[in-house]
>>> print(open('target36.txt').read())   # compact mmCIF, C-alpha atoms
# COMPACT_ATOMS: atom_id res chain seq x y z
CA MET A 439 -191.17 57.40 98.73
CA THR A 440 -187.65 56.00 98.61
CA ALA A 441 -184.90 57.58 96.54
CA ARG A 442 -184.93 54.55 94.24
CA SER A 443 -188.68 54.72 93.56
CA CYS A 444 -188.45 58.48 93.08
CA THR A 445 -185.66 57.98 90.53
CA LEU A 446 -187.69 55.32 88.71
CA THR A 447 -190.76 57.60 88.62
CA ILE A 448 -188.72 60.46 87.20
CA ALA A 449 -187.09 58.14 84.64
CA ALA A 450 -190.47 56.78 83.53
CA ALA A 451 -191.84 60.31 83.17
CA ALA A 452 -188.79 61.33 81.13
CA VAL A 453 -189.22 58.34 78.80
CA ALA A 454 -192.93 59.10 78.34
CA LEU A 455 -192.17 62.75 77.60
CA ALA A 456 -189.45 61.81 75.12
CA LEU A 457 -191.73 59.38 73.31
CA THR A 458 -194.62 61.82 73.00
CA SER A 459 -192.43 64.73 71.92
CA CYS A 460 -190.82 62.68 69.16
CA THR A 461 -194.10 61.49 67.69
CA PRO A 462 -195.42 63.71 64.88
CA ALA A 463 -198.94 65.04 65.35
CA GLU A 464 -200.10 63.51 62.07
CA ILE A 465 -198.41 60.75 60.14
CA SER A 466 -199.43 60.21 56.57
CA THR A 467 -199.82 56.56 55.73
CA THR A 468 -200.37 57.24 52.03
CA PRO A 469 -197.16 57.48 50.02
CA ALA A 470 -196.93 59.84 47.08
CA THR A 471 -197.81 58.28 43.76
CA SER A 472 -196.71 59.32 40.31
CA THR A 473 -198.08 58.75 36.84
CA VAL A 474 -197.27 60.07 33.39
CA ALA A 475 -200.02 61.79 31.42
CA THR A 476 -200.39 63.86 28.25
CA VAL A 477 -201.99 67.28 28.60
CA VAL A 478 -204.95 67.40 26.20
CA ALA A 479 -206.49 70.71 27.34
CA VAL A 480 -205.71 73.71 29.52
CA VAL A 481 -208.92 74.83 31.20
CA ASP A 482 -207.47 77.84 32.99
CA GLY A 483 -204.26 78.86 34.73
CA ASP A 484 -204.47 76.18 37.41
CA THR A 485 -206.54 73.37 35.84
CA ILE A 486 -205.70 70.97 33.02
CA ASP A 487 -207.19 67.92 31.35
CA VAL A 488 -204.87 64.96 30.87
CA LYS A 489 -204.96 61.58 29.21
CA THR A 490 -203.48 58.71 31.18
CA SER A 491 -203.33 55.00 30.49
CA THR A 492 -206.68 54.69 32.30
CA GLY A 493 -208.51 57.54 30.56
CA GLU A 494 -208.99 61.29 30.81
CA GLU A 495 -208.88 63.22 34.07
CA ARG A 496 -209.24 66.85 35.13
CA VAL A 497 -206.34 67.98 37.35
CA ARG A 498 -206.12 70.96 39.70
CA LEU A 499 -202.49 71.98 40.24
CA ILE A 500 -201.48 72.02 43.90
CA GLY A 501 -200.00 75.22 45.27
CA ILE A 502 -201.23 77.83 42.81
CA ASP A 503 -204.27 80.02 42.37
CA THR A 504 -204.80 82.00 39.19
CA PRO A 505 -207.32 84.67 38.28
CA GLU A 506 -210.71 83.29 37.30
CA ILE A 507 -211.97 83.09 33.72
CA SER A 508 -215.64 84.03 33.62
CA ARG A 509 -217.88 81.09 32.79
CA ASP A 510 -221.12 83.08 32.70
CA GLY A 511 -220.36 85.74 30.11
CA GLY A 512 -219.10 88.25 32.67
CA ALA A 513 -215.68 89.84 32.77
CA ASP A 514 -212.61 87.73 33.45
CA ASP A 515 -210.48 88.57 36.47
CA CYS A 516 -207.38 90.63 35.74
CA TYR A 517 -204.71 88.44 34.09
CA ALA A 518 -206.95 85.35 33.79
CA GLN A 519 -206.41 84.85 30.05
CA GLU A 520 -202.68 85.50 30.33
CA ALA A 521 -202.41 82.90 33.12
CA ARG A 522 -204.23 80.36 30.98
CA THR A 523 -202.02 81.18 27.99
CA TYR A 524 -198.87 80.78 30.10
CA LEU A 525 -199.87 77.32 31.30
CA ASP A 526 -201.06 76.36 27.80
CA GLN A 527 -197.68 77.23 26.28
CA LEU A 528 -195.88 75.42 29.09
CA VAL A 529 -197.71 72.08 29.13
CA TYR A 530 -200.28 71.63 26.33
CA GLY A 531 -199.52 68.57 24.21
CA HIS A 532 -196.63 67.54 26.46
CA ASP A 533 -196.17 64.56 28.70
CA VAL A 534 -196.18 65.58 32.35
CA GLU A 535 -195.69 63.75 35.60
CA LEU A 536 -198.63 63.88 38.00
CA VAL A 537 -197.47 63.51 41.59
CA SER A 538 -199.86 63.12 44.49
CA ASP A 539 -199.09 64.83 47.78
CA PRO A 540 -199.86 62.87 50.96
CA THR A 541 -200.60 66.14 52.76
CA GLN A 542 -203.48 66.91 50.39
CA ALA A 543 -206.75 65.23 49.49
CA ASP A 544 -206.75 63.06 46.37
CA VAL A 545 -209.56 65.08 44.73
CA ASP A 546 -211.15 68.47 45.40
CA GLN A 547 -214.82 69.31 45.89
CA TYR A 548 -215.31 69.41 42.10
CA GLY A 549 -213.86 65.93 41.54
CA ARG A 550 -210.58 67.18 40.07
CA LEU A 551 -207.42 65.27 40.92
CA LEU A 552 -205.12 67.35 43.12
CA ARG A 553 -201.58 66.89 41.87
CA HIS A 554 -198.18 68.46 41.51
CA VAL A 555 -197.66 68.69 37.74
CA LEU A 556 -194.05 68.33 36.64
CA ILE A 557 -192.84 69.25 33.17
CA GLU A 558 -189.31 68.01 32.52
CA GLY A 559 -188.89 67.59 36.28
CA GLN A 560 -189.97 71.14 37.14
CA SER A 561 -193.17 72.16 38.88
CA ALA A 562 -195.54 73.82 36.42
CA ALA A 563 -197.21 75.66 39.32
CA GLN A 564 -193.94 77.03 40.64
CA LEU A 565 -192.87 78.15 37.15
CA ALA A 566 -196.21 79.90 36.64
CA ILE A 567 -195.99 81.62 40.02
CA GLU A 568 -192.48 82.86 39.25
CA ALA A 569 -193.71 84.19 35.88
CA GLY A 570 -196.44 86.12 37.68
CA ALA A 571 -199.26 84.03 36.21
CA GLY A 572 -200.67 83.19 39.64
CA THR A 573 -200.12 83.28 43.36
CA GLU A 574 -199.13 80.68 45.91
CA TYR A 575 -202.20 78.94 47.29
CA THR A 576 -202.50 76.75 50.36
CA TYR A 577 -205.94 75.21 50.61
CA ASP A 578 -206.16 73.32 53.88
CA SER A 579 -202.71 72.22 54.93
CA SER A 580 -199.18 72.96 53.87
CA TYR A 581 -197.98 70.93 50.88
CA ASP A 582 -194.62 69.57 49.77
CA ARG A 583 -192.13 72.32 48.75
CA ARG A 584 -194.48 75.18 49.72
CA SER A 585 -191.50 77.31 50.75
CA ASP A 586 -190.17 77.11 47.17
CA TYR A 587 -193.51 78.36 45.83
CA LEU A 588 -193.55 81.24 48.32
CA ALA A 589 -190.00 82.19 47.31
CA ALA A 590 -191.06 82.13 43.63
CA GLN A 591 -193.97 84.43 44.48
CA ASP A 592 -191.64 86.82 46.31
CA ARG A 593 -189.36 86.97 43.25
CA ALA A 594 -192.33 87.62 40.94
CA ARG A 595 -193.69 90.36 43.17
CA ASP A 596 -190.24 91.95 43.62
CA THR A 597 -189.65 92.09 39.85
CA GLY A 598 -193.21 93.05 38.93
CA ALA A 599 -193.66 89.92 36.81
CA GLY A 600 -197.03 89.24 35.18
CA LEU A 601 -200.06 90.09 37.24
CA TRP A 602 -197.90 91.90 39.82
CA SER A 603 -197.37 94.73 37.34
CA VAL A 604 -200.84 95.02 35.78
CA CYS A 605 -203.46 94.00 38.35
CA PRO A 606 -204.60 96.22 41.19
>>> encode(input="target36.txt", output="structure tokens")
Amino acid sequence: MTARSCTLTIAAAAVALALTSCTPAEISTTPATSTVATVVAVVDGDTIDVKTSTGEERVRLIGIDTPEISRDGGADDCYAQEARTYLDQLVYGHDVELVSDPTQADVDQYGRLLRHVLIEGQSAAQLAIEAGAGTEYTYDSSYDRRSDYLAAQDRARDTGAGLWSVCP
């Protein structure tokens, strides 16, 4: 092999390596979408019903998990009613912005829309986490602004907010 062909081989390998290392593993082709809706019901601490221009939808907030309200007459999880009340006072009857997240599915296994819910530009999930009404929740893959939600959870835990002070 001549010095010139060796140099060309090395250069080609370097270009191939540079191209593959700069390419993200997964590229979302679906841009985030946003729509305005009015909250017509708060089901629990992480699920709401909204009315949009196309009808009513059930929405599961991305990034938060709250204690479960019993649906079969059993006992609620610790802080379940308080989490629901917090979200109810925050969003019920208000217009909110529903923002899809390209890193997440459009709907969950129960047919609920998966959305970031913004009230006056602030994430309802992040506000609830910081108030101690729920915990950060990552379902399958990391979502937009997850680090902010984790920081909110750290602040809630550090100050003993909400469920951090009353639930085992």
>>> residues_around(input="target36.txt", residues="Tyr577 in chain A", least_positions_apart="2", cutoff="12 Å", atoms="only C-alpha atoms", output="number ranges by chain")
A: 498-503, 541-543, 546-547, 552, 574-575, 579-581, 584
>>> residues_around(input="target36.txt", residues="range 555-570 of chain A", least_positions_apart="2", cutoff="8 Å", atoms="all atoms listed in the file", output="PyMOL selection string")
chain A and resi 484+499-502+521+524-525+528-529+532-537+553+572-574+586-587+590-591+593-595+598-602
>>> atom_distance(input="target36.txt", atom1="CA of Asp582 in chain A", atom2="CA of Ala470 in chain A")
10.4 Å
>>> closest_residue(input="target36.txt", among="A:Asp510, A:Asp515, A:Asp482, A:Glu494", to="Cys605 in chain A", atoms="all atoms listed in the file")
A:Asp515
>>> closest_residue(input="target36.txt", among="A:Gly511, A:Ala589, A:Asp526, A:Arg550", to="Val481 in chain A", atoms="all atoms listed in the file")
A:Asp526
>>> axis_aligned_box(input="target36.txt", around="range 519-532 of chain A", padding_each_side="5 Å", output="lines of an AutoDock Vina configuration file")
center_x = -201.1
center_y = 76.5
center_z = 28.7
size_x = 20.5
size_y = 28.0
size_z = 18.9
>>> atom_distance(input="target36.txt", atom1="CA of Tyr530 in chain A", atom2="CA of Val477 in chain A")
5.2 Å
>>> residues_around(input="target36.txt", residues="Pro469 in chain A", least_positions_apart="6", cutoff="10 Å", atoms="only C-alpha atoms", output="JSON, numbers by chain")
{"A": [538, 539, 540, 541]}
>>> atom_distance(input="target36.txt", atom1="CA of His554 in chain A", atom2="CA of Ser603 in chain A")
26.6 Å
>>> closest_residue(input="target36.txt", among="A:Ser472, A:Glu506, A:Lys489, A:Gly549", to="Ala571 in chain A", atoms="only C-alpha atoms")
A:Glu506
>>> closest_residue(input="target36.txt", among="A:Arg522, A:Ile507, A:Asp592, A:Tyr517", to="Pro606 in chain A", atoms="only C-alpha atoms")
A:Tyr517
>>> closest_residue(input="target36.txt", among="A:Ala475, A:Val604, A:Val497, A:Val480", to="Gln527 in chain A", atoms="only C-alpha atoms")
A:Val480
